[in-house]
Each structure stands twice: as structure tokens, then as C-alpha cells.
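Data file: target.txt. Format and content: compact mmCIF, C-alpha atoms.
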# COMPACT_ATOMS: atom_id res chain seq x y z
CA MET C 1 -7.72 24.31 -14.60
CA SER C 2 -6.15 24.09 -11.15
CA ARG C 3 -5.39 20.65 -9.74
CA ILE C 4 -7.92 19.03 -7.44
CA VAL C 5 -7.20 17.61 -3.99
CA ASN C 6 -7.38 13.90 -4.73
CA PHE C 7 -8.19 11.62 -1.78
CA SER C 8 -8.46 8.50 -3.95
CA ALA C 9 -7.58 5.18 -2.33
CA GLY C 10 -5.69 4.23 -5.49
CA PRO C 11 -4.57 4.97 -8.07
CA ALA C 12 -3.65 7.94 -5.95
CA MET C 13 -2.05 11.33 -6.41
CA LEU C 14 1.65 11.53 -7.25
CA PRO C 15 4.14 14.19 -6.17
CA ALA C 16 3.89 17.24 -8.42
CA GLU C 17 7.67 17.29 -8.74
CA VAL C 18 7.63 13.74 -10.12
CA LEU C 19 4.93 14.55 -12.66
CA ALA C 20 6.77 17.67 -13.76
CA ARG C 21 10.02 15.80 -14.30
CA ALA C 22 8.26 13.02 -16.18
CA GLY C 23 6.67 15.69 -18.36
CA ASP C 24 10.04 17.26 -19.09
CA GLU C 25 11.42 13.86 -20.08
CA MET C 26 8.37 12.65 -22.00
CA LEU C 27 9.72 13.14 -25.52
CA ASP C 28 13.41 12.81 -24.81
CA TRP C 29 14.81 10.93 -21.82
CA ARG C 30 18.22 12.37 -20.96
CA GLY C 31 19.28 12.95 -24.54
CA SER C 32 18.33 9.48 -25.76
CA GLY C 33 15.95 10.96 -28.34
CA MET C 34 13.06 8.80 -27.17
CA SER C 35 10.48 8.47 -24.42
CA VAL C 36 10.83 5.83 -21.71
CA MET C 37 7.58 4.41 -23.15
CA GLU C 38 9.45 3.63 -26.37
CA MET C 39 12.57 2.05 -24.93
CA SER C 40 13.50 -1.60 -25.23
CA HIS C 41 13.40 -3.10 -21.75
CA SER C 42 16.66 -4.89 -22.54
CA GLY C 43 18.42 -1.78 -23.85
CA PRO C 44 21.08 0.04 -21.81
CA GLU C 45 18.86 3.08 -21.18
CA PHE C 46 16.04 1.21 -19.49
CA MET C 47 18.38 -1.24 -17.78
CA SER C 48 20.00 1.75 -16.08
CA ILE C 49 16.57 3.07 -15.01
CA ALA C 50 15.64 -0.28 -13.46
CA ALA C 51 18.98 -0.74 -11.71
CA GLU C 52 18.85 2.76 -10.24
CA ALA C 53 15.27 2.23 -9.02
CA GLU C 54 16.25 -0.99 -7.26
CA ALA C 55 19.29 0.63 -5.65
CA ASP C 56 17.20 3.56 -4.40
CA LEU C 57 14.47 1.29 -3.01
CA ARG C 58 17.07 -0.82 -1.23
CA ALA C 59 18.54 2.33 0.28
CA LEU C 60 15.17 3.73 1.38
CA LEU C 61 14.18 0.56 3.25
CA ALA C 62 17.68 -0.65 4.16
CA ILE C 63 16.87 -3.96 2.49
CA PRO C 64 19.39 -6.65 3.53
CA PRO C 65 21.53 -8.22 0.78
CA ASP C 66 19.94 -11.67 1.26
CA TYR C 67 16.59 -10.37 -0.04
CA LYS C 68 15.57 -10.14 -3.67
CA VAL C 69 13.72 -7.08 -4.95
CA LEU C 70 11.29 -7.87 -7.77
CA PHE C 71 9.32 -5.46 -9.96
CA LEU C 72 6.34 -7.49 -11.16
CA GLN C 73 2.91 -7.06 -12.75
CA GLY C 74 -0.61 -8.17 -11.89
CA GLY C 75 -1.13 -5.99 -8.84
CA ALA C 76 -1.12 -7.13 -5.23
CA THR C 77 -4.17 -9.26 -6.09
CA LEU C 78 -2.06 -11.59 -8.22
CA GLN C 79 0.20 -12.08 -5.20
CA PHE C 80 -2.71 -13.74 -3.39
CA ALA C 81 -2.01 -16.72 -5.65
CA GLN C 82 1.67 -16.16 -6.36
CA VAL C 83 2.64 -16.27 -2.68
CA PRO C 84 1.32 -19.81 -2.01
CA MET C 85 2.60 -21.01 -5.39
CA ASN C 86 6.13 -20.03 -4.37
CA LEU C 87 6.27 -20.19 -0.58
CA LEU C 88 4.48 -23.43 0.28
CA ARG C 89 7.59 -25.42 -0.65
CA GLY C 90 5.72 -28.69 -0.36
CA LYS C 91 4.27 -28.02 3.10
CA GLY C 92 0.64 -27.74 2.03
CA LYS C 93 -0.40 -25.46 4.91
CA ALA C 94 -0.50 -21.69 5.32
CA ASP C 95 -1.98 -19.47 8.02
CA TYR C 96 -3.73 -16.14 7.51
CA VAL C 97 -4.75 -13.21 9.69
CA VAL C 98 -8.07 -11.67 8.66
CA THR C 99 -8.52 -7.96 9.37
CA GLY C 100 -10.70 -6.82 6.48
CA GLU C 101 -11.76 -7.23 2.89
CA TRP C 102 -8.26 -7.61 1.41
CA SER C 103 -7.33 -10.25 3.97
CA LYS C 104 -10.50 -12.14 3.09
CA LYS C 105 -9.64 -12.03 -0.61
CA ALA C 106 -6.15 -13.37 0.10
CA VAL C 107 -7.61 -16.26 2.10
CA LYS C 108 -10.09 -17.14 -0.63
CA GLU C 109 -7.35 -17.31 -3.25
CA ALA C 110 -4.94 -19.30 -1.07
CA LYS C 111 -7.56 -21.99 -0.43
CA SER C 112 -7.13 -23.09 -4.04
CA TYR C 113 -3.54 -24.08 -3.29
CA CYS C 114 -3.33 -25.25 0.30
CA ASP C 115 -4.94 -25.92 3.65
CA VAL C 116 -5.63 -22.48 5.12
CA ALA C 117 -6.13 -21.83 8.83
CA ILE C 118 -7.08 -18.50 10.38
CA ALA C 119 -4.33 -17.49 12.80
CA ALA C 120 -6.31 -14.47 14.05
CA SER C 121 -9.33 -12.45 13.02
CA SER C 122 -10.98 -9.15 13.91
CA GLU C 123 -14.30 -10.06 12.32
CA ASP C 124 -15.85 -10.30 15.81
CA ARG C 125 -15.75 -6.48 15.93
CA ASN C 126 -16.50 -5.83 12.28
CA PHE C 127 -12.83 -5.48 11.34
CA THR C 128 -12.23 -2.38 13.44
CA TYR C 129 -8.98 -3.45 15.13
CA ALA C 130 -5.76 -5.36 14.48
CA PRO C 131 -5.19 -8.60 16.45
CA LYS C 132 -1.78 -8.41 18.09
CA SER C 133 -1.09 -12.13 18.57
CA PHE C 134 -1.30 -14.97 16.05
CA SER C 135 -1.87 -18.65 16.74
CA ALA C 136 0.04 -19.87 13.70
CA ARG C 137 0.75 -23.56 13.15
CA ARG C 138 4.43 -24.44 13.43
CA ASP C 139 4.22 -26.72 10.41
CA ALA C 140 2.60 -24.05 8.21
CA ALA C 141 4.75 -22.64 5.42
CA TYR C 142 4.09 -19.02 6.39
CA VAL C 143 1.66 -16.67 8.12
CA HIS C 144 0.15 -13.87 6.02
CA TYR C 145 -1.39 -10.59 7.14
CA CYS C 146 -2.40 -7.26 5.61
CA SER C 147 -0.42 -4.61 7.46
CA ASN C 148 -2.78 -1.81 6.39
CA GLU C 149 -6.36 -2.47 5.32
CA THR C 150 -7.28 0.18 2.75
CA ILE C 151 -11.05 -0.21 3.07
CA GLY C 152 -11.43 -0.41 6.84
CA GLY C 153 -8.55 1.90 7.74
CA VAL C 154 -6.86 -0.54 10.13
CA GLU C 155 -3.07 -0.45 10.37
CA TYR C 156 -0.47 -2.47 12.25
CA HIS C 157 1.91 0.01 13.88
CA SER C 158 4.37 -2.67 14.95
CA ILE C 159 5.50 -5.91 13.33
CA PRO C 160 3.81 -9.02 14.80
CA GLN C 161 5.93 -11.82 16.20
CA ALA C 162 5.95 -15.04 14.20
CA GLU C 163 7.97 -18.26 14.47
CA ILE C 164 7.39 -19.10 10.81
CA PRO C 165 8.02 -16.84 7.77
CA LEU C 166 5.93 -13.66 8.00
CA VAL C 167 4.30 -12.42 4.80
CA ALA C 168 2.81 -8.93 4.55
CA ASP C 169 0.53 -7.27 2.04
CA ALA C 170 1.84 -3.74 2.64
CA SER C 171 0.20 -2.10 -0.37
CA SER C 172 -1.50 0.80 1.36
CA HIS C 173 1.37 2.01 3.53
CA PHE C 174 4.44 0.88 1.61
CA LEU C 175 7.20 3.54 1.94
CA SER C 176 5.09 5.63 4.33
CA ARG C 177 7.26 4.69 7.32
CA PRO C 178 10.50 2.83 8.14
CA LEU C 179 10.20 -0.96 7.94
CA ASP C 180 12.50 -3.66 9.34
CA VAL C 181 12.56 -5.92 6.29
CA SER C 182 14.60 -8.55 8.15
CA LYS C 183 11.52 -9.44 10.24
CA PHE C 184 9.70 -10.71 7.12
CA GLY C 185 9.95 -13.62 4.77
CA LEU C 186 8.19 -11.64 2.06
CA ILE C 187 6.61 -8.21 1.60
CA TYR C 188 4.51 -7.25 -1.39
CA ALA C 189 2.76 -4.06 -2.40
CA GLY C 190 0.98 -2.51 -5.35
CA ALA C 191 2.67 0.72 -6.42
CA GLN C 192 -0.42 2.81 -7.07
CA LYS C 193 -0.91 4.23 -3.60
CA ASN C 194 2.41 5.59 -2.33
CA ALA C 195 5.03 4.70 -4.89
CA GLY C 196 3.91 5.13 -8.48
CA PRO C 197 1.20 4.45 -11.06
CA ALA C 198 -0.84 1.28 -11.42
CA GLY C 199 0.68 -1.67 -13.24
CA LEU C 200 3.69 -2.29 -10.98
CA THR C 201 3.98 -4.55 -7.95
CA PHE C 202 6.91 -4.71 -5.53
CA VAL C 203 7.97 -8.03 -4.02
CA ILE C 204 10.77 -8.21 -1.45
CA VAL C 205 11.54 -11.83 -0.64
CA ARG C 206 14.23 -13.63 1.36
CA ASP C 207 16.58 -15.72 -0.73
CA ASP C 208 16.04 -19.01 1.09
CA LEU C 209 12.28 -18.97 0.44
CA ILE C 210 12.47 -19.05 -3.35
CA GLY C 211 13.44 -21.73 -5.83
CA GLN C 212 10.84 -24.31 -4.84
CA ALA C 213 7.77 -23.12 -6.72
CA ALA C 214 4.89 -25.58 -6.94
CA LYS C 215 4.61 -27.75 -10.02
CA GLY C 216 2.55 -25.97 -12.66
CA THR C 217 3.54 -22.45 -11.56
CA PRO C 218 3.77 -20.29 -14.71
CA SER C 219 7.31 -19.13 -15.41
CA VAL C 220 6.42 -15.44 -15.01
CA MET C 221 5.00 -16.22 -11.55
CA ASP C 222 8.11 -18.06 -10.34
CA TYR C 223 10.00 -15.69 -8.02
CA LYS C 224 13.32 -17.47 -8.62
CA LEU C 225 13.07 -17.22 -12.38
CA GLN C 226 12.11 -13.56 -12.15
CA ALA C 227 14.94 -12.86 -9.72
CA ASP C 228 17.46 -14.56 -12.00
CA ALA C 229 16.20 -12.40 -14.88
CA ASP C 230 16.24 -9.13 -12.86
CA SER C 231 12.43 -8.98 -13.09
CA MET C 232 12.64 -9.07 -16.88
CA LEU C 233 11.63 -12.61 -17.69
CA ASN C 234 9.06 -10.86 -19.86
CA THR C 235 8.61 -7.17 -20.67
CA PRO C 236 8.06 -5.37 -17.34
CA ALA C 237 5.78 -2.41 -16.66
CA CYS C 238 8.48 -0.10 -17.97
CA TYR C 239 6.88 3.30 -17.59
CA SER C 240 5.40 2.50 -14.18
CA LEU C 241 8.83 1.41 -13.00
CA TYR C 242 10.38 4.62 -14.33
CA ILE C 243 7.83 6.75 -12.45
CA ALA C 244 8.37 4.70 -9.28
CA GLY C 245 12.07 5.39 -9.61
CA LEU C 246 11.35 9.12 -9.70
CA VAL C 247 9.19 8.75 -6.58
CA PHE C 248 12.08 6.99 -4.82
CA LYS C 249 14.36 9.90 -5.66
CA TRP C 250 11.74 12.37 -4.44
CA LEU C 251 11.57 10.51 -1.13
CA LYS C 252 15.35 10.44 -0.78
CA GLN C 253 15.54 14.19 -1.41
CA LEU C 254 12.95 14.79 1.32
CA GLY C 255 15.05 12.85 3.81
CA GLY C 256 13.83 9.29 3.29
CA VAL C 257 11.05 7.29 4.92
CA ALA C 258 11.84 8.65 8.40
CA GLU C 259 11.04 12.15 7.20
CA ILE C 260 7.91 11.16 5.26
CA GLU C 261 6.69 9.32 8.36
CA LYS C 262 6.87 12.58 10.35
CA ARG C 263 4.76 14.30 7.71
CA ASN C 264 2.27 11.44 7.59
CA VAL C 265 1.90 11.47 11.38
CA GLN C 266 1.22 15.22 11.27
CA LYS C 267 -1.42 14.88 8.53
CA ALA C 268 -3.21 11.99 10.20
CA LYS C 269 -3.18 13.70 13.60
CA LEU C 270 -4.78 16.80 12.11
CA LEU C 271 -7.78 14.83 10.83
CA TYR C 272 -8.09 12.42 13.76
CA ASP C 273 -7.91 15.26 16.31
CA TYR C 274 -10.83 16.93 14.60
CA LEU C 275 -12.82 13.67 14.48
CA ASP C 276 -12.20 13.03 18.18
CA ARG C 277 -13.53 16.47 19.06
CA SER C 278 -16.56 16.14 16.83
CA ALA C 279 -19.92 14.83 18.07
CA PHE C 280 -21.11 14.66 14.45
CA PHE C 281 -18.41 12.67 12.64
CA ARG C 282 -16.74 9.50 13.87
CA ASN C 283 -14.03 7.04 12.93
CA PRO C 284 -14.98 3.42 13.73
CA VAL C 285 -11.45 2.04 14.22
CA ALA C 286 -9.81 1.37 17.60
CA LYS C 287 -7.53 4.33 18.31
CA GLU C 288 -4.34 2.30 18.63
CA ASP C 289 -4.95 0.68 15.22
CA ARG C 290 -6.01 3.68 13.15
CA SER C 291 -4.41 3.93 9.74
CA ARG C 292 -2.35 6.97 8.88
CA MET C 293 -3.10 6.38 5.21
CA ASN C 294 -6.82 5.55 4.95
CA ILE C 295 -9.29 7.25 7.26
CA PRO C 296 -12.96 6.22 7.09
CA VAL C 297 -15.47 8.74 8.43
CA THR C 298 -19.13 8.02 9.20
CA MET C 299 -22.16 9.98 10.38
CA LYS C 300 -25.26 8.80 12.23
CA ASP C 301 -27.54 10.04 9.45
CA LYS C 302 -26.50 8.23 6.25
CA ALA C 303 -28.80 10.49 4.25
CA LEU C 304 -26.16 13.20 4.69
CA ASP C 305 -23.46 11.16 2.91
CA GLU C 306 -24.33 12.40 -0.58
CA PRO C 307 -24.66 16.10 0.37
CA LEU C 308 -21.31 15.84 2.17
CA LEU C 309 -19.58 14.36 -0.87
CA LYS C 310 -21.26 16.79 -3.27
CA GLY C 311 -20.17 19.80 -1.26
CA ALA C 312 -16.63 18.46 -1.05
CA ALA C 313 -16.44 17.96 -4.81
CA GLU C 314 -17.62 21.54 -5.37
CA ARG C 315 -14.58 22.63 -3.36
CA GLY C 316 -12.19 20.44 -5.35
CA LEU C 317 -11.98 17.75 -2.63
CA VAL C 318 -12.64 14.57 -4.59
CA GLN C 319 -12.63 10.75 -4.40
CA LEU C 320 -13.91 10.81 -0.82
CA LYS C 321 -16.73 8.29 -1.10
CA GLY C 322 -16.36 5.48 1.42
CA HIS C 323 -16.27 1.86 0.35
CA ARG C 324 -19.72 0.32 0.04
CA SER C 325 -18.98 -2.06 2.95
CA VAL C 326 -18.32 0.89 5.29
CA GLY C 327 -20.23 3.81 3.77
CA GLY C 328 -19.70 7.43 4.64
CA MET C 329 -16.47 9.01 3.55
CA ARG C 330 -12.88 7.81 3.28
CA ALA C 331 -9.88 10.11 3.07
CA SER C 332 -6.74 8.45 1.73
CA ILE C 333 -3.81 10.69 2.63
CA TYR C 334 -0.80 8.97 1.14
CA ASN C 335 2.74 10.33 0.91
CA ALA C 336 2.02 12.77 -1.91
CA MET C 337 -0.96 14.40 -0.17
CA PRO C 338 0.20 17.81 1.10
CA ILE C 339 -0.87 18.90 4.57
CA GLU C 340 -2.76 21.78 2.93
CA GLY C 341 -5.10 19.18 1.41
CA VAL C 342 -5.94 17.78 4.84
CA GLN C 343 -6.37 21.27 6.23
CA ALA C 344 -8.85 22.06 3.46
CA LEU C 345 -10.79 18.87 4.20
CA VAL C 346 -10.98 19.59 7.94
CA ALA C 347 -12.14 23.15 7.26
CA TYR C 348 -14.92 21.86 4.99
CA MET C 349 -16.00 19.18 7.47
CA ARG C 350 -16.16 21.77 10.23
CA GLU C 351 -18.36 23.95 8.03
CA PHE C 352 -20.60 20.99 7.15
CA GLU C 353 -20.96 20.04 10.81
CA GLN C 354 -21.96 23.57 11.76
CA LYS C 355 -24.70 23.55 9.13
CA ASN C 356 -26.00 20.03 9.75
CA GLY C 357 -24.96 19.05 13.25
Rewrite the structure of this file - the entire thing - as C-alpha cells.
Amino acid sequence: MSRIVNFSAGPAMLPAEVLARAGDEMLDWRGSGMSVMEMSHSGPEFMSIAAEAEADLRALLAIPPDYKVLFLQGGATLQFAQVPMNLLRGKGKADYVVTGEWSKKAVKEAKSYCDVAIAASSEDRNFTYAPKSFSARRDAAYVHYCSNETIGGVEYHSIPQAEIPLVADASSHFLSRPLDVSKFGLIYAGAQKNAGPAGLTFVIVRDDLIGQAAKGTPSVMDYKLQADADSMLNTPACYSLYIAGLVFKWLKQLGGVAEIEKRNVQKAKLLYDYLDRSAFFRNPVAKEDRSRMNIPVTMKDKALDEPLLKGAAERGLVQLKGHRSVGGMRASIYNAMPIEGVQALVAYMREFEQKNG
């Protein structure tokens, strides 16, 4: 069976080269006589895997030395609680920017731990743009935003200005473009979109913001304790971390995040150019805030949604169903999506439009 073209929003497709190498090393990792799945996380073999992955991630994003890199579990969703537990530092206030469903979930969780104020929101236009300015309180502990909303397909293409620590949920575009880490207090991201399989979460946090976790914070959720233990306070997501390390090496071999950004721009432009020429399909997001990673597509006649998706699946173009809050179709074109996949999608959409337009 040939491989499908997988437009899933996550878990998403991985580079074929990474999967092939993992397959080659499945039974015997570099002469160790065992799979990475079988290794002790405190043994020298896995410790070397983890250290190499951290070094490669630091190199890819030019992470400054005064930032900790943590490999945690629980997904980005657990960070909705873990961030206030660690970053409030007794202040009791945190500000949030709301640009879609994931922002709303983060706000809901944070309200259990502190006084939350909305620094900006795009709900007035049904979450179809990214507010450029925040009215954050100076006495708030931090201001949080989602830099790419997976569901709505809204992306920040520049880093907002903030006078207090800036926190970003970067799950859906992590490693898809260069990022000035020094502008943030904390960045977190689930791995399962651009950087590996599900089960692993990246946290990049400035040193001075950790070490004052709220009373009652579980040990495994204390950033300082995890940092002191090299993310191994308990058994980490070993195999997910190993695969992420292979993805980092794949990215470095391509030329790093600057090179993958060029490819991502090319892929997104191909699909958006077609949508802008079409009188049949549309993308609801403001042009300057369109995501390169997640592209929702709608039609006037919703009755055509199912035939569109069915025809796509018959051609091996799968996982294109839009989120229930948006409808239509959503194409997630993360780092591992080849341009040929986007070309195949555009060709099919053009054919569908000719038959139904």
C-alpha cells in the first residue's frame, strides 16, 4: 500500500527519512542490542539521546544560555495549568489574548489559579484575525497568547510587544520558522504537529521565572525541579523524545528553520493563491494573519462538504475535515508535508470546483 497524503492537524505526518531511520534502529539502536523503547531513561544510551536532542534544539532556535529546555508530558493542554502554577510567583494576576478555541481553553484553565484579564480578543470578528496590540496590566505576572491557532488558522507573523513576560503556545508552528526566543518569558508546544509524535511537550523558559512554583504544585509540574533533573524527575516520554531528536537532525540537514520556512512559505502560497482566485472556495482569515500551517477552507453550500471530503479520500488526500466550529475543510501543511501533497490537493480542488461551481 502506498502512503497517503495526510493533512491531519495532529498527530501529523513525520518525515519519511525519520521514519525509515527509526525503523532501521527499532530492534537495535546503534549496536546497543535493544530498542530505544526498552532503554532505561537513566542509562548512558538514552541520556546521550536526550542530551543530543537538547543540543540540536538549542542550535535550531539559537536558544540563549539563560533559558531552560524541558521535555515534558501531558501535551500543551497541561501547560494551561502548569504555566500559572509556575509563573504567577505570588502575583495572582495574569493576562490572556484570545484568538480562538485554544486561547479560550487556556483562559478557562488559568481562572482556577488566578485573576485573569483579557488583554485583547478577536472574538468580535469570529476569531478571523490576530490583534496586534495588547492592553496588559503592568502588575500581571505574564501575558499569554497562542501564536498559531490550529482550528481557526490564525497566525502571528511577528512577535507582539509586551512589558511583562510574554508566554506563547506555539504548538502548531513550532520549528516552522525562525523564532527570537529572547523576546519570550516562556514558549511551549506539543510535539505532534511539526516535531515528533504525541506524548512529548517542549517548554523553553527563562531562568529567572522559575523556582517560585505555587504551593501545592505537584513535583512533576514544577519547572525548576524538572530543570534540575534534566526533565527526568520521572520517566520521560522516551521514544517520543528519540523521534523528536531525529526530526531535529532532519531539519539541520535541510538547512535549519530558515530553510524550512522558505518551503513552508512556498507551500502555503500555492494553496492561498488558488483560494484567492477561486469564486467557489474561500478562506475566512484576514490575509495578513493567515496561518502557513493550518488552512481552513469553506464553501457557500455546506451540503458539498461531504462529497468534497469523500472525493479527496478516494485520491489518498485524507484528514481534511474542518473542525466542527468552522466546518468545511482544513489542510494542515506542517514541515513534513511535501509540496507535491499541496499540489495534489490544489489539483483536486480545481477539479471539484469545475464540476460543482
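Using only C-alpha atoms, the smallest distance between any of C:Asn86, C:Thr128, C:Gln266, C:Asn6 and Ala141 of chain C comes from C:Asn86.
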* **Test item: residues at most 10 Å from segment 110-123 of chain C, all atoms listed in the file, excluding those fewer than 3 positions along its chain, as a PyMOL selection string** => chain C and resi 79-85+88+90-100+103-107+126-137+140-141+143-145+214
Write to file, as a tab-separated table (two decimals), keeping the file's coordinate frame, the residues of the selection just made, with C-alpha atoms.
chain	number	residue	atom	x	y	z
C	79	GLN	CA	0.20	-12.08	-5.20
C	80	PHE	CA	-2.71	-13.74	-3.39
C	81	ALA	CA	-2.01	-16.72	-5.65
C	82	GLN	CA	1.67	-16.16	-6.36
C	83	VAL	CA	2.64	-16.27	-2.68
C	84	PRO	CA	1.32	-19.81	-2.01
C	85	MET	CA	2.60	-21.01	-5.39
C	88	LEU	CA	4.48	-23.43	0.28
C	90	GLY	CA	5.72	-28.69	-0.36
C	91	LYS	CA	4.27	-28.02	3.10
C	92	GLY	CA	0.64	-27.74	2.03
C	93	LYS	CA	-0.40	-25.46	4.91
C	94	ALA	CA	-0.50	-21.69	5.32
C	95	ASP	CA	-1.98	-19.47	8.02
C	96	TYR	CA	-3.73	-16.14	7.51
C	97	VAL	CA	-4.75	-13.21	9.69
C	98	VAL	CA	-8.07	-11.67	8.66
C	99	THR	CA	-8.52	-7.96	9.37
C	100	GLY	CA	-10.70	-6.82	6.48
C	103	SER	CA	-7.33	-10.25	3.97
C	104	LYS	CA	-10.50	-12.14	3.09
C	105	LYS	CA	-9.64	-12.03	-0.61
C	106	ALA	CA	-6.15	-13.37	0.10
C	107	VAL	CA	-7.61	-16.26	2.10
C	126	ASN	CA	-16.50	-5.83	12.28
C	127	PHE	CA	-12.83	-5.48	11.34
C	128	THR	CA	-12.23	-2.38	13.44
C	129	TYR	CA	-8.98	-3.45	15.13
C	130	ALA	CA	-5.76	-5.36	14.48
C	131	PRO	CA	-5.19	-8.60	16.45
C	132	LYS	CA	-1.78	-8.41	18.09
C	133	SER	CA	-1.09	-12.13	18.57
C	134	PHE	CA	-1.30	-14.97	16.05
C	135	SER	CA	-1.87	-18.65	16.74
C	136	ALA	CA	0.04	-19.87	13.70
C	137	ARG	CA	0.75	-23.56	13.15
C	140	ALA	CA	2.60	-24.05	8.21
C	141	ALA	CA	4.75	-22.64	5.42
C	143	VAL	CA	1.66	-16.67	8.12
C	144	HIS	CA	0.15	-13.87	6.02
C	145	TYR	CA	-1.39	-10.59	7.14
C	214	ALA	CA	4.89	-25.58	-6.94
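Distances to His323 of chain C were evaluated for C:Val297, C:Cys238, C:Ile243, C:Met232 using all atoms listed in the file, and the minimum falls at C:Val297.
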* Which residues come within 9 Å of Leu320 of chain C, counting only C-alpha atoms, excluding same-chain residues fewer than 5 positions away, as a PyMOL selection string? -> chain C and resi 6-9+309+312-313+328-332
* Using all atoms listed in the file, which of C:Lys249, C:Lys224, C:Arg350, C:Arg315 sits nearest Tyr274 of chain C? -> C:Arg350
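With only C-alpha atoms as the atoms that count, the minimum distance from Pro15 of chain C to the choices C:Glu340, C:Glu353, C:Ile159, C:Asn194 is reached by C:Asn194.
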* Contacts of Asp305 of chain C at 12 Å (all atoms listed in the file; same-chain gap of 3+ positions) as a PyMOL selection string -> chain C and resi 281+297-302+308-312+320-322+324+326-330+349+352+356
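Residue neighbourhood of Met39 of chain C, excluding near-sequence residues (fewer than 5 positions): Met26, Leu27, Asp28, Trp29, Ser32, Gly33, Met34, Pro44, Glu45, Phe46, Met47, Ser48, Ile49, Thr235, Pro236, Ala237, Cys238, Tyr239 and Tyr242 of chain C, at 12 Å, using all atoms listed in the file.
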Output C-alpha atoms for every residue in the selection just made, as a short mmCIF file (atom, residue, chain, number, x, y, z; two decimals), in the frame of the given file.
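Result written to out.cif:
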data_model
loop_
_atom_site.label_atom_id
_atom_site.label_comp_id
_atom_site.auth_asym_id
_atom_site.auth_seq_id
_atom_site.Cartn_x
_atom_site.Cartn_y
_atom_site.Cartn_z
CA MET C 26 8.37 12.65 -22.00
CA LEU C 27 9.72 13.14 -25.52
CA ASP C 28 13.41 12.81 -24.81
CA TRP C 29 14.81 10.93 -21.82
CA SER C 32 18.33 9.48 -25.76
CA GLY C 33 15.95 10.96 -28.34
CA MET C 34 13.06 8.80 -27.17
CA PRO C 44 21.08 0.04 -21.81
CA GLU C 45 18.86 3.08 -21.18
CA PHE C 46 16.04 1.21 -19.49
CA MET C 47 18.38 -1.24 -17.78
CA SER C 48 20.00 1.75 -16.08
CA ILE C 49 16.57 3.07 -15.01
CA THR C 235 8.61 -7.17 -20.67
CA PRO C 236 8.06 -5.37 -17.34
CA ALA C 237 5.78 -2.41 -16.66
CA CYS C 238 8.48 -0.10 -17.97
CA TYR C 239 6.88 3.30 -17.59
CA TYR C 242 10.38 4.62 -14.33
#
Could you add the missing atoms to segment 256-271 of chain C, up to N, CA, C and O atoms, and return them as a CSV table (one decimal), in the frame of the given file?
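What ended up in part_20.csv:
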chain,number,residue,atom,x,y,z
C,256,GLY,N,14.1,10.7,3.1
C,256,GLY,CA,13.8,9.3,3.3
C,256,GLY,C,12.5,9.0,4.0
C,256,GLY,O,11.7,9.9,4.3
C,257,VAL,N,12.3,7.7,4.3
C,257,VAL,CA,11.0,7.3,4.9
C,257,VAL,C,10.9,7.8,6.4
C,257,VAL,O,9.8,8.0,6.8
C,258,ALA,N,12.0,8.1,7.0
C,258,ALA,CA,11.8,8.6,8.4
C,258,ALA,C,11.2,10.0,8.3
C,258,ALA,O,10.4,10.4,9.2
C,259,GLU,N,11.6,10.8,7.4
C,259,GLU,CA,11.0,12.2,7.2
C,259,GLU,C,9.6,12.1,6.7
C,259,GLU,O,8.7,12.8,7.2
C,260,ILE,N,9.3,11.2,5.8
C,260,ILE,CA,7.9,11.2,5.3
C,260,ILE,C,7.0,10.6,6.4
C,260,ILE,O,5.8,11.0,6.4
C,261,GLU,N,7.5,9.8,7.2
C,261,GLU,CA,6.7,9.3,8.4
C,261,GLU,C,6.3,10.5,9.2
C,261,GLU,O,5.1,10.6,9.7
C,262,LYS,N,7.2,11.4,9.5
C,262,LYS,CA,6.9,12.6,10.4
C,262,LYS,C,5.7,13.4,9.7
C,262,LYS,O,4.8,13.8,10.4
C,263,ARG,N,5.8,13.5,8.4
C,263,ARG,CA,4.8,14.3,7.7
C,263,ARG,C,3.4,13.5,7.7
C,263,ARG,O,2.4,14.2,7.9
C,264,ASN,N,3.5,12.2,7.6
C,264,ASN,CA,2.3,11.4,7.6
C,264,ASN,C,1.6,11.4,9.0
C,264,ASN,O,0.4,11.5,9.1
C,265,VAL,N,2.4,11.4,10.0
C,265,VAL,CA,1.9,11.5,11.4
C,265,VAL,C,1.2,12.8,11.6
C,265,VAL,O,0.1,12.9,12.2
C,266,GLN,N,1.8,13.9,11.1
C,266,GLN,CA,1.2,15.2,11.3
C,266,GLN,C,-0.1,15.3,10.5
C,266,GLN,O,-1.1,15.9,11.1
C,267,LYS,N,-0.2,14.8,9.3
C,267,LYS,CA,-1.4,14.9,8.5
C,267,LYS,C,-2.5,14.1,9.2
C,267,LYS,O,-3.7,14.5,9.3
C,268,ALA,N,-2.2,12.8,9.6
C,268,ALA,CA,-3.2,12.0,10.2
C,268,ALA,C,-3.7,12.6,11.5
C,268,ALA,O,-4.9,12.5,11.8
C,269,LYS,N,-2.8,13.1,12.3
C,269,LYS,CA,-3.2,13.7,13.6
C,269,LYS,C,-4.1,14.9,13.4
C,269,LYS,O,-5.1,15.0,14.2
C,270,LEU,N,-3.9,15.7,12.4
C,270,LEU,CA,-4.8,16.8,12.1
C,270,LEU,C,-6.2,16.4,11.9
C,270,LEU,O,-7.2,16.9,12.5
C,271,LEU,N,-6.4,15.3,11.1
C,271,LEU,CA,-7.8,14.8,10.8
C,271,LEU,C,-8.4,14.1,12.0
C,271,LEU,O,-9.5,14.3,12.4
